[in-house]
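Data block for model25.cif (mmCIF, C-alpha atoms and all ligand atoms):
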```cif
data_model
#
loop_
_atom_site.label_atom_id
_atom_site.label_comp_id
_atom_site.auth_asym_id
_atom_site.auth_seq_id
_atom_site.Cartn_x
_atom_site.Cartn_y
_atom_site.Cartn_z
CA MET A 30 24.50 7.15 17.97
CA GLU A 31 23.09 3.63 17.88
CA ARG A 32 20.32 3.25 15.33
CA LYS A 33 16.96 1.94 16.49
CA ILE A 34 14.42 0.04 14.44
CA LEU A 35 10.92 -0.91 15.52
CA LEU A 36 9.61 -4.17 14.10
CA ILE A 37 5.81 -4.29 14.09
CA TYR A 38 4.36 -7.74 13.59
CA THR A 39 0.76 -7.72 12.39
CA GLY A 40 0.39 -11.27 11.06
CA GLY A 41 0.52 -12.95 7.67
CA THR A 42 2.30 -16.03 6.34
CA ILE A 43 5.68 -14.85 7.61
CA GLY A 44 4.54 -15.69 11.15
CA MET A 45 2.26 -18.63 10.45
CA LYS A 46 2.60 -22.33 11.05
CA GLN A 47 0.71 -25.34 9.81
CA ASP A 48 -2.00 -26.82 11.99
CA PRO A 49 -0.96 -30.51 12.16
CA GLU A 50 -4.57 -31.69 11.97
CA THR A 51 -6.21 -29.43 9.39
CA LEU A 52 -2.94 -28.54 7.56
CA LEU A 53 -4.25 -24.98 7.32
CA LEU A 54 -1.87 -22.06 7.98
CA LYS A 55 -2.67 -20.17 11.19
CA PRO A 56 -0.87 -17.25 12.87
CA PHE A 57 1.45 -18.13 15.76
CA ASP A 58 2.97 -16.24 18.67
CA PHE A 59 5.38 -13.54 17.56
CA HIS A 60 8.16 -14.70 19.85
CA GLN A 61 8.60 -17.67 17.58
CA ILE A 62 9.82 -15.25 14.90
CA THR A 63 12.83 -14.21 16.95
CA ARG A 64 13.46 -17.87 17.71
CA GLU A 65 13.31 -18.69 14.00
CA VAL A 66 15.56 -15.78 13.02
CA PRO A 67 18.39 -15.64 15.55
CA GLU A 68 20.21 -13.38 13.05
CA LEU A 69 18.07 -10.54 14.43
CA LYS A 70 20.39 -10.45 17.43
CA LYS A 71 23.42 -9.91 15.18
CA PHE A 72 22.43 -6.47 13.91
CA GLY A 73 24.69 -3.64 14.99
CA TYR A 74 21.63 -1.61 15.99
CA VAL A 75 18.75 -1.97 18.38
CA VAL A 76 15.80 -3.91 16.96
CA ASP A 77 12.78 -3.71 19.24
CA ALA A 78 9.67 -5.66 18.40
CA LEU A 79 6.01 -5.39 19.14
CA SER A 80 3.14 -7.54 18.06
CA PHE A 81 -0.49 -6.88 17.28
CA ASP A 82 -2.83 -8.83 19.51
CA PRO A 83 -4.42 -10.72 17.93
CA VAL A 84 -2.27 -11.06 14.83
CA ILE A 85 -4.34 -11.37 11.68
CA ASP A 86 -4.37 -12.85 8.22
CA SER A 87 -4.16 -9.69 6.14
CA SER A 88 -7.39 -10.65 4.39
CA ASP A 89 -8.98 -9.38 7.62
CA VAL A 90 -7.40 -5.93 7.36
CA ARG A 91 -9.90 -3.11 7.86
CA PRO A 92 -9.49 0.65 8.10
CA GLU A 93 -9.47 0.38 11.91
CA PHE A 94 -6.29 -1.69 11.54
CA TRP A 95 -4.66 1.16 9.60
CA VAL A 96 -5.68 3.65 12.29
CA LYS A 97 -4.06 1.42 14.92
CA LEU A 98 -0.88 0.95 12.87
CA ALA A 99 -0.55 4.66 12.12
CA GLY A 100 -1.05 5.39 15.83
CA ILE A 101 1.75 2.97 16.77
CA ILE A 102 4.12 4.61 14.27
CA LYS A 103 3.22 8.08 15.54
CA ALA A 104 3.61 7.08 19.20
CA ASN A 105 7.09 5.65 18.51
CA TYR A 106 8.19 8.09 15.81
CA ALA A 107 10.60 10.16 17.88
CA CYS A 108 12.28 7.12 19.45
CA TYR A 109 13.10 5.12 16.31
CA ASP A 110 15.06 5.68 13.09
CA GLY A 111 12.87 3.36 11.04
CA PHE A 112 9.92 0.98 11.09
CA VAL A 113 9.52 -2.50 9.59
CA VAL A 114 5.96 -3.78 9.35
CA LEU A 115 5.50 -7.54 9.00
CA HIS A 116 2.23 -7.96 7.16
CA GLY A 117 0.43 -10.56 5.04
CA THR A 118 0.94 -10.14 1.33
CA ASP A 119 -2.75 -10.26 0.36
CA THR A 120 -3.54 -6.69 1.34
CA MET A 121 -0.03 -5.33 1.83
CA ALA A 122 -0.33 -2.98 -1.16
CA PHE A 123 -3.56 -1.54 0.32
CA SER A 124 -1.99 -1.04 3.77
CA ALA A 125 1.20 0.50 2.38
CA SER A 126 -0.88 2.84 0.20
CA ALA A 127 -3.09 3.79 3.14
CA MET A 128 -0.06 4.56 5.35
CA SER A 129 1.45 6.75 2.62
CA PHE A 130 -1.63 9.01 2.76
CA MET A 131 -2.31 8.76 6.50
CA LEU A 132 1.23 9.72 7.59
CA GLU A 133 1.83 13.30 6.45
CA ASN A 134 5.35 14.75 6.65
CA LEU A 135 6.87 11.29 6.98
CA GLU A 136 10.66 11.55 6.96
CA LYS A 137 11.61 8.11 8.23
CA PRO A 138 11.34 4.71 6.53
CA VAL A 139 8.26 2.55 6.97
CA VAL A 140 9.11 -0.72 5.22
CA PHE A 141 6.39 -3.35 4.78
CA THR A 142 7.46 -6.92 4.21
CA GLY A 143 6.15 -10.47 4.55
CA SER A 144 6.70 -13.79 2.86
CA GLN A 145 5.17 -16.40 0.61
CA LEU A 146 6.44 -19.30 2.76
CA PRO A 147 6.25 -19.29 6.57
CA ILE A 148 9.51 -18.34 8.27
CA GLY A 149 9.77 -21.75 9.92
CA MET A 150 10.05 -23.55 6.58
CA LEU A 151 13.44 -24.44 5.18
CA ARG A 152 12.98 -22.66 1.84
CA THR A 153 11.31 -19.61 3.36
CA ASP A 154 11.68 -16.27 1.65
CA GLY A 155 10.78 -14.63 4.96
CA LYS A 156 14.26 -14.50 6.47
CA GLU A 157 15.85 -12.58 3.63
CA ASN A 158 12.85 -10.28 3.35
CA LEU A 159 12.95 -9.53 7.07
CA ILE A 160 16.71 -9.08 7.41
CA SER A 161 17.06 -6.88 4.31
CA SER A 162 14.04 -4.78 5.34
CA ILE A 163 15.69 -4.02 8.68
CA GLU A 164 18.92 -3.16 6.88
CA LEU A 165 17.06 -0.82 4.52
CA ALA A 166 15.12 0.81 7.35
CA ALA A 167 18.37 1.54 9.20
CA ALA A 168 20.28 2.88 6.20
CA GLN A 169 21.55 6.45 6.38
CA ASP A 170 23.14 8.78 3.85
CA ALA A 171 26.43 10.64 4.23
CA GLU A 172 24.70 13.43 6.21
CA GLY A 173 23.22 10.93 8.66
CA ASN A 174 19.68 11.29 7.27
CA PRO A 175 17.55 8.22 6.53
CA ARG A 176 18.14 6.93 2.99
CA ILE A 177 14.44 6.18 2.79
CA SER A 178 11.87 8.75 3.88
CA GLU A 179 8.66 7.10 2.72
CA VAL A 180 6.39 4.06 2.93
CA CYS A 181 7.78 1.12 0.94
CA ILE A 182 7.30 -2.56 0.28
CA TYR A 183 10.38 -4.78 0.28
CA PHE A 184 9.99 -8.17 -1.34
CA ASP A 185 12.34 -10.60 -3.09
CA SER A 186 15.32 -8.25 -3.34
CA GLN A 187 13.35 -5.23 -4.56
CA LEU A 188 12.26 -2.14 -2.68
CA PHE A 189 9.21 -0.39 -4.10
CA ARG A 190 7.26 2.75 -3.29
CA GLY A 191 4.31 1.35 -1.33
CA ASN A 192 1.55 3.25 -3.11
CA ARG A 193 2.87 2.15 -6.53
CA THR A 194 2.78 -1.53 -5.71
CA THR A 195 0.34 -4.33 -6.49
CA LYS A 196 0.37 -8.00 -5.55
CA TYR A 197 0.38 -9.81 -8.84
CA ASN A 198 1.60 -13.34 -8.10
CA ALA A 199 0.03 -15.69 -5.56
CA GLU A 200 2.84 -18.25 -5.73
CA ASN A 201 6.20 -16.81 -6.77
CA PHE A 202 8.62 -15.30 -4.31
CA ARG A 203 8.48 -12.26 -6.56
CA ALA A 204 4.92 -11.43 -5.52
CA PHE A 205 4.85 -7.66 -6.04
CA ARG A 206 5.18 -5.38 -8.96
CA SER A 207 5.46 -1.63 -9.38
CA ALA A 208 4.79 -1.26 -13.08
CA ASN A 209 4.63 2.51 -13.27
CA TYR A 210 7.53 3.46 -11.00
CA PRO A 211 11.05 2.01 -10.83
CA PRO A 212 12.33 0.09 -7.79
CA LEU A 213 13.75 2.36 -5.09
CA ALA A 214 16.51 -0.12 -4.36
CA GLU A 215 17.76 -3.51 -5.55
CA VAL A 216 19.35 -5.84 -3.05
CA GLY A 217 22.09 -8.20 -4.23
CA ILE A 218 25.68 -8.41 -3.10
CA HIS A 219 25.35 -4.65 -2.67
CA ILE A 220 22.29 -2.59 -1.90
CA ARG A 221 21.88 -0.30 -4.89
CA TYR A 222 19.68 2.70 -4.18
CA ASN A 223 17.90 4.45 -7.00
CA THR A 224 18.61 7.87 -5.58
CA ALA A 225 16.71 9.71 -8.30
CA ALA A 226 13.54 7.72 -7.58
CA LEU A 227 13.64 8.03 -3.78
CA TYR A 228 11.54 10.73 -2.15
CA ARG A 229 13.68 13.49 -0.55
CA PRO A 230 11.98 15.77 1.97
CA GLN A 231 12.69 19.43 1.17
CA VAL A 232 12.90 20.29 4.86
CA ARG A 233 13.43 18.00 7.79
CA GLY A 234 12.17 18.07 11.34
CA ARG A 235 8.50 18.70 10.61
CA GLU A 236 5.90 17.17 12.87
CA LEU A 237 4.40 13.87 11.70
CA LEU A 238 0.69 14.46 11.13
CA LEU A 239 -1.86 11.65 11.16
CA HIS A 240 -5.00 11.45 9.05
CA THR A 241 -7.11 8.89 10.81
CA ASP A 242 -10.63 10.00 9.86
CA LEU A 243 -11.28 7.54 7.06
CA ASP A 244 -14.53 7.69 5.14
CA THR A 245 -15.12 4.34 3.44
CA HIS A 246 -18.22 5.30 1.44
CA VAL A 247 -16.39 4.24 -1.72
CA ALA A 248 -17.06 1.50 -4.29
CA VAL A 249 -14.71 -0.15 -6.78
CA LEU A 250 -16.53 -0.90 -10.01
CA LYS A 251 -14.74 -2.96 -12.63
CA ILE A 252 -16.31 -2.79 -16.06
CA PHE A 253 -16.51 -5.85 -18.31
CA PRO A 254 -18.12 -6.75 -21.62
CA GLY A 255 -21.73 -7.58 -20.78
CA ILE A 256 -21.97 -5.40 -17.65
CA THR A 257 -25.66 -4.81 -16.99
CA GLU A 258 -27.70 -1.75 -16.20
CA PRO A 259 -29.26 -3.08 -12.96
CA PHE A 260 -25.81 -4.00 -11.66
CA VAL A 261 -24.34 -0.54 -12.31
CA HIS A 262 -27.45 1.13 -10.89
CA ALA A 263 -27.29 -1.05 -7.77
CA VAL A 264 -23.66 -0.09 -7.13
CA LEU A 265 -24.27 3.63 -7.67
CA ALA A 266 -27.38 3.50 -5.46
CA THR A 267 -25.36 2.17 -2.49
CA PRO A 268 -26.59 4.17 0.53
CA GLY A 269 -24.21 7.01 1.45
CA LEU A 270 -21.86 6.34 -1.48
CA ARG A 271 -19.62 9.37 -2.07
CA ALA A 272 -17.06 8.05 -4.53
CA VAL A 273 -16.36 5.31 -7.06
CA VAL A 274 -13.09 3.92 -8.40
CA LEU A 275 -14.10 2.95 -11.94
CA GLU A 276 -11.72 0.35 -13.37
CA THR A 277 -11.82 0.95 -17.10
CA TYR A 278 -10.19 -0.60 -20.14
CA GLY A 279 -6.78 0.37 -21.54
CA SER A 280 -6.08 4.08 -21.44
CA GLY A 281 -9.35 4.77 -19.63
CA ASN A 282 -12.08 3.67 -22.02
CA SER A 283 -15.55 2.34 -21.32
CA PRO A 284 -18.64 1.10 -23.15
CA SER A 285 -20.48 3.92 -24.88
CA ASP A 286 -24.03 2.73 -24.03
CA ALA A 287 -26.23 5.71 -23.21
CA TRP A 288 -27.64 4.06 -20.06
CA PHE A 289 -24.09 3.58 -18.73
CA LEU A 290 -22.92 7.13 -19.39
CA ASP A 291 -26.20 8.56 -18.09
CA ALA A 292 -25.82 6.59 -14.86
CA LEU A 293 -22.26 7.89 -14.33
CA HIS A 294 -23.24 11.41 -15.23
CA ALA A 295 -26.23 11.37 -12.87
CA PHE A 296 -23.90 10.29 -10.05
CA THR A 297 -21.31 13.02 -10.68
CA ALA A 298 -23.99 15.66 -11.33
CA ALA A 299 -25.44 14.83 -7.91
CA GLY A 300 -22.02 15.58 -6.38
CA GLY A 301 -20.47 12.08 -6.38
CA VAL A 302 -16.83 11.55 -7.31
CA ILE A 303 -15.77 8.96 -9.90
CA VAL A 304 -12.11 8.37 -10.64
CA ASN A 305 -11.00 6.66 -13.83
CA ILE A 306 -8.33 3.98 -13.17
CA THR A 307 -7.14 1.53 -15.79
CA GLN A 308 -7.56 -2.23 -15.37
CA CYS A 309 -4.14 -2.60 -17.02
CA GLN A 310 -1.15 -3.38 -14.82
CA ALA A 311 0.97 -0.67 -16.45
CA GLY A 312 0.45 2.62 -18.22
CA THR A 313 -1.81 5.57 -17.66
CA VAL A 314 -5.37 6.77 -18.17
CA ASP A 315 -5.63 9.43 -20.84
CA MET A 316 -9.24 10.46 -21.38
CA GLY A 317 -8.21 12.50 -24.40
CA ALA A 318 -6.83 9.55 -26.38
CA TYR A 319 -10.03 7.84 -27.63
CA ALA A 320 -13.63 8.86 -28.14
CA ASN A 321 -14.56 6.14 -25.60
CA GLY A 322 -12.39 7.87 -23.03
CA ASP A 323 -13.57 11.37 -23.82
CA ILE A 324 -17.16 10.33 -23.07
CA LEU A 325 -16.06 9.59 -19.50
CA ARG A 326 -14.47 13.00 -19.16
CA ARG A 327 -17.75 14.50 -20.29
CA ALA A 328 -19.59 12.34 -17.73
CA GLY A 329 -17.59 14.20 -15.06
CA LEU A 330 -14.94 11.62 -14.19
CA VAL A 331 -11.63 12.54 -12.58
CA CYS A 332 -8.56 11.25 -14.41
CA GLY A 333 -6.67 8.84 -12.14
CA ARG A 334 -3.69 8.75 -14.53
CA ASP A 335 -1.35 5.91 -13.49
CA MET A 336 -2.54 5.42 -9.92
CA THR A 337 -3.11 1.85 -8.77
CA THR A 338 -6.58 0.89 -7.56
CA GLU A 339 -5.08 0.39 -4.09
CA ALA A 340 -3.73 3.94 -4.09
CA ALA A 341 -6.91 5.50 -5.51
CA LEU A 342 -9.14 3.72 -2.99
CA THR A 343 -7.09 4.54 0.11
CA LYS A 344 -6.47 8.10 -1.05
CA LEU A 345 -10.23 8.52 -1.36
CA PHE A 346 -10.76 7.16 2.17
CA VAL A 347 -8.36 9.80 3.50
CA LEU A 348 -9.60 12.71 1.34
CA LEU A 349 -13.27 11.97 2.05
CA GLY A 350 -12.42 11.83 5.75
CA GLN A 351 -10.66 15.18 5.52
CA TYR A 352 -13.15 17.11 3.36
CA ALA A 353 -16.93 17.11 3.61
CA ASP A 354 -17.16 18.80 0.20
CA ASN A 355 -16.87 16.25 -2.63
CA LYS A 356 -15.81 19.00 -5.03
CA VAL A 357 -12.64 19.55 -2.99
CA VAL A 358 -12.06 15.78 -2.91
CA ALA A 359 -12.39 15.59 -6.71
CA GLU A 360 -9.90 18.45 -7.12
CA LYS A 361 -7.34 16.92 -4.74
CA LEU A 362 -7.71 13.38 -6.09
CA GLY A 363 -5.90 14.04 -9.35
CA ILE A 364 -2.98 15.82 -7.63
CA GLY A 365 -0.06 13.79 -6.30
CA VAL A 366 0.27 13.67 -2.52
CA SER A 367 2.99 11.12 -1.80
CA GLY A 368 4.41 10.06 -5.11
CA GLU A 369 1.44 7.93 -6.18
CA ILE A 370 1.03 9.66 -9.59
CA SER A 371 3.67 10.20 -12.27
N1 LIG B 1 -3.25 -14.76 3.57
C1 LIG B 1 -1.93 -14.30 3.93
C2 LIG B 1 -2.05 -12.87 4.39
O1 LIG B 1 -2.14 -11.99 3.57
C3 LIG B 1 -1.00 -14.42 2.79
C4 LIG B 1 0.40 -13.91 3.07
O2 LIG B 1 0.79 -13.55 4.15
O3 LIG B 1 1.17 -13.90 2.13
O4 LIG B 1 -2.07 -12.60 5.55
#
```

Go ahead and render the structure in this file as structure tokens.
Amino acid sequence: MERKILLIYTGGTIGMKQDPETLLLKPFDFHQITREVPELKKFGYVVDALSFDPVIDSSDVRPEFWVKLAGIIKANYACYDGFVVLHGTDTMAFSASAMSFMLENLEKPVVFTGSQLPIGMLRTDGKENLISSIELAAAQDAEGNPRISEVCIYFDSQLFRGNRTTKYNAENFRAFRSANYPPLAEVGIHIRYNTAALYRPQVRGRELLLHTDLDTHVAVLKIFPGITEPFVHAVLATPGLRAVVLETYGSGNSPSDAWFLDALHAFTAAGGVIVNITQCQAGTVDMGAYANGDILRRAGLVCGRDMTTEAALTKLFVLLGQYADNKVVAEKLGIGVSGEIS
């Protein structure tokens, strides 16, 4: 049977052009993408396209955007073999992480891609990213099942698990990195799948469930030498705050000042959730490694292990939306849901 892919254009550089007067990049009409990439017509499968209206710079992504995107995937899930989401690179890792938690029982590929240079430019990276993403989203194994059954980011010849990915370069074509999990596929002359790293559903044919109640009463607090008491207190006193992603040093260490630990402890003792995520690009939090990590364990922090900040934040949005009891959220936070923790 003919394979069908749905291309969802949300905005981002891939579909932008330069305003001749201001020279600033602004989104343009999606139909120009198909004009710029006539190769789309050459695929041996059906590629349908739909566009957000308005399309946005991904710096404007909000949780409501994720709810809309998840709804589009759900509404079209039965009719398509795979989904390619064209998205700006700035918040792509957040959106891919959010989708990985919002789409439960996902068995089909959802491949995010974009570009560093607009698709209309001669040296654009957008064409290859787009064409290979469609190829990946349509790929099937010998049994006719999708090769990819999860949310991914494809960029510059590498396919990554979406909730393991971070944007780390604002200029290079190689803009994304997945430091704690290997690429799911490498695209060169051949597409080489890392079968051992790909998620395999145990059973197939389950209903796709959506989690669209997102509770955003979360703060990200990055510690730094010289962090002050009023600043930490102001963050923790944010009205309605239920959870904090604390970005710590190295393997999960923090300053040992009594005022700092007391502030964290008061927050967790009052029922708030704090997850310990490292500021490092690679490696894991281990609150048992150093005395300065152990103090955080004693202050009631949840160990985020090797989760990215993007994954921890969006996972919290979903868990807080699902459970009114913060204790349940804290318990679930440290347990892997969709491959986001080693
Ligand atoms: N600001 C753009 C966006 O994220 C950058 C990009 O597409 O790469 O939408």

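Near Thr42 (chain A), within a cut-off of 9 Å and counting all atoms listed in the file, sit the residues Met45, Lys46, Leu54, Lys55, Pro56, Asp86, His116, Gly117, Thr118, Gly143, Ser144, Gln145, Leu146, Pro147, Ile148 and Gly155 of chain A, with same-chain residues fewer than 3 positions away left out.
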
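Nearest to ligand LIG 1 (chain B) of all the residues A:Lys196, A:Arg190, A:Lys361, A:Lys137 is A:Lys196, counting only C-alpha atoms and all ligand atoms.
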
Please define a box with edges along x, y and z of the file around all atoms of ligand LIG 1 (chain B) given in the file, extend it by 6 Å on each side, and return its centre and edge lengths in Å to one decimal, as lines of an AutoDock Vina configuration file.
```
center_x = -1.0
center_y = -13.4
center_z = 3.8
size_x = 16.4
size_y = 14.8
size_z = 15.4
```

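Distances from A:Asn134, A:Asn201, A:Asn174, A:Ser371 to ligand LIG 1 (chain B) were compared using only C-alpha atoms and all ligand atoms, and the smallest one belongs to A:Asn201.
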
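Comparing A:Pro49, A:Ala199, A:Ala320, A:Ala295 by their smallest distance to ligand LIG 1 (chain B), the closest is A:Ala199 (using all atoms listed in the file).
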
What's the 12 Å shell around Gln187 (chain A), counting all atoms listed in the file, without same-chain residues fewer than 3 positions away, as an MDAnalysis selection string?
chainID A and resid 140:142 157:158 161:162 165 181:184 190:191 194 202:207 211:217 220:223

Region 274-341 of chain A residues near region 243-264 of chain A within 12 Å, closest pair each, using all atoms listed in the file, as a Markdown table:
```
| residue | atom | partner | partner_atom | distance |
| --- | --- | --- | --- | --- |
| A:Val274 | CA | A:Val249 | CA | 4.7 |
| A:Leu275 | CA | A:Leu250 | CA | 4.9 |
| A:Glu276 | CA | A:Lys251 | CA | 4.5 |
| A:Thr277 | CA | A:Ile252 | CA | 5.9 |
| A:Tyr278 | CA | A:Ile252 | CA | 7.7 |
| A:Gly279 | CA | A:Ile252 | CA | 11.4 |
| A:Gly281 | CA | A:Ile252 | CA | 10.9 |
| A:Asn282 | CA | A:Ile252 | CA | 9.8 |
| A:Ser283 | CA | A:Ile252 | CA | 7.4 |
| A:Pro284 | CA | A:Pro254 | CA | 8.0 |
| A:Ser285 | CA | A:Pro254 | CA | 11.4 |
| A:Asp286 | CA | A:Glu258 | CA | 9.7 |
| A:Ala287 | CA | A:Glu258 | CA | 10.3 |
| A:Trp288 | CA | A:Glu258 | CA | 7.0 |
| A:Phe289 | CA | A:Glu258 | CA | 6.9 |
| A:Leu290 | CA | A:Val261 | CA | 10.5 |
| A:Asp291 | CA | A:His262 | CA | 10.4 |
| A:Ala292 | CA | A:His262 | CA | 6.9 |
| A:Leu293 | CA | A:Val261 | CA | 8.9 |
| A:His294 | CA | A:His262 | CA | 11.9 |
| A:Ala295 | CA | A:His262 | CA | 10.5 |
| A:Phe296 | CA | A:His262 | CA | 9.9 |
| A:Gly301 | CA | A:Val247 | CA | 10.0 |
| A:Val302 | CA | A:Val247 | CA | 9.2 |
| A:Ile303 | CA | A:Ala248 | CA | 9.4 |
| A:Val304 | CA | A:Val249 | CA | 9.7 |
| A:Asn305 | CA | A:Leu250 | CA | 10.1 |
| A:Ile306 | CA | A:Lys251 | CA | 9.5 |
| A:Thr307 | CA | A:Lys251 | CA | 9.4 |
| A:Gln308 | CA | A:Lys251 | CA | 7.7 |
| A:Cys309 | CA | A:Lys251 | CA | 11.5 |
| A:Thr337 | CA | A:Val249 | CA | 11.9 |
| A:Thr338 | CA | A:Val249 | CA | 8.2 |
| A:Glu339 | CA | A:Val249 | CA | 10.0 |
| A:Ala341 | CA | A:Val249 | CA | 9.7 |
```

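Across the model, the gap from CA of Arg334 (chain A) to CA of Thr313 (chain A) is 4.8 Å.
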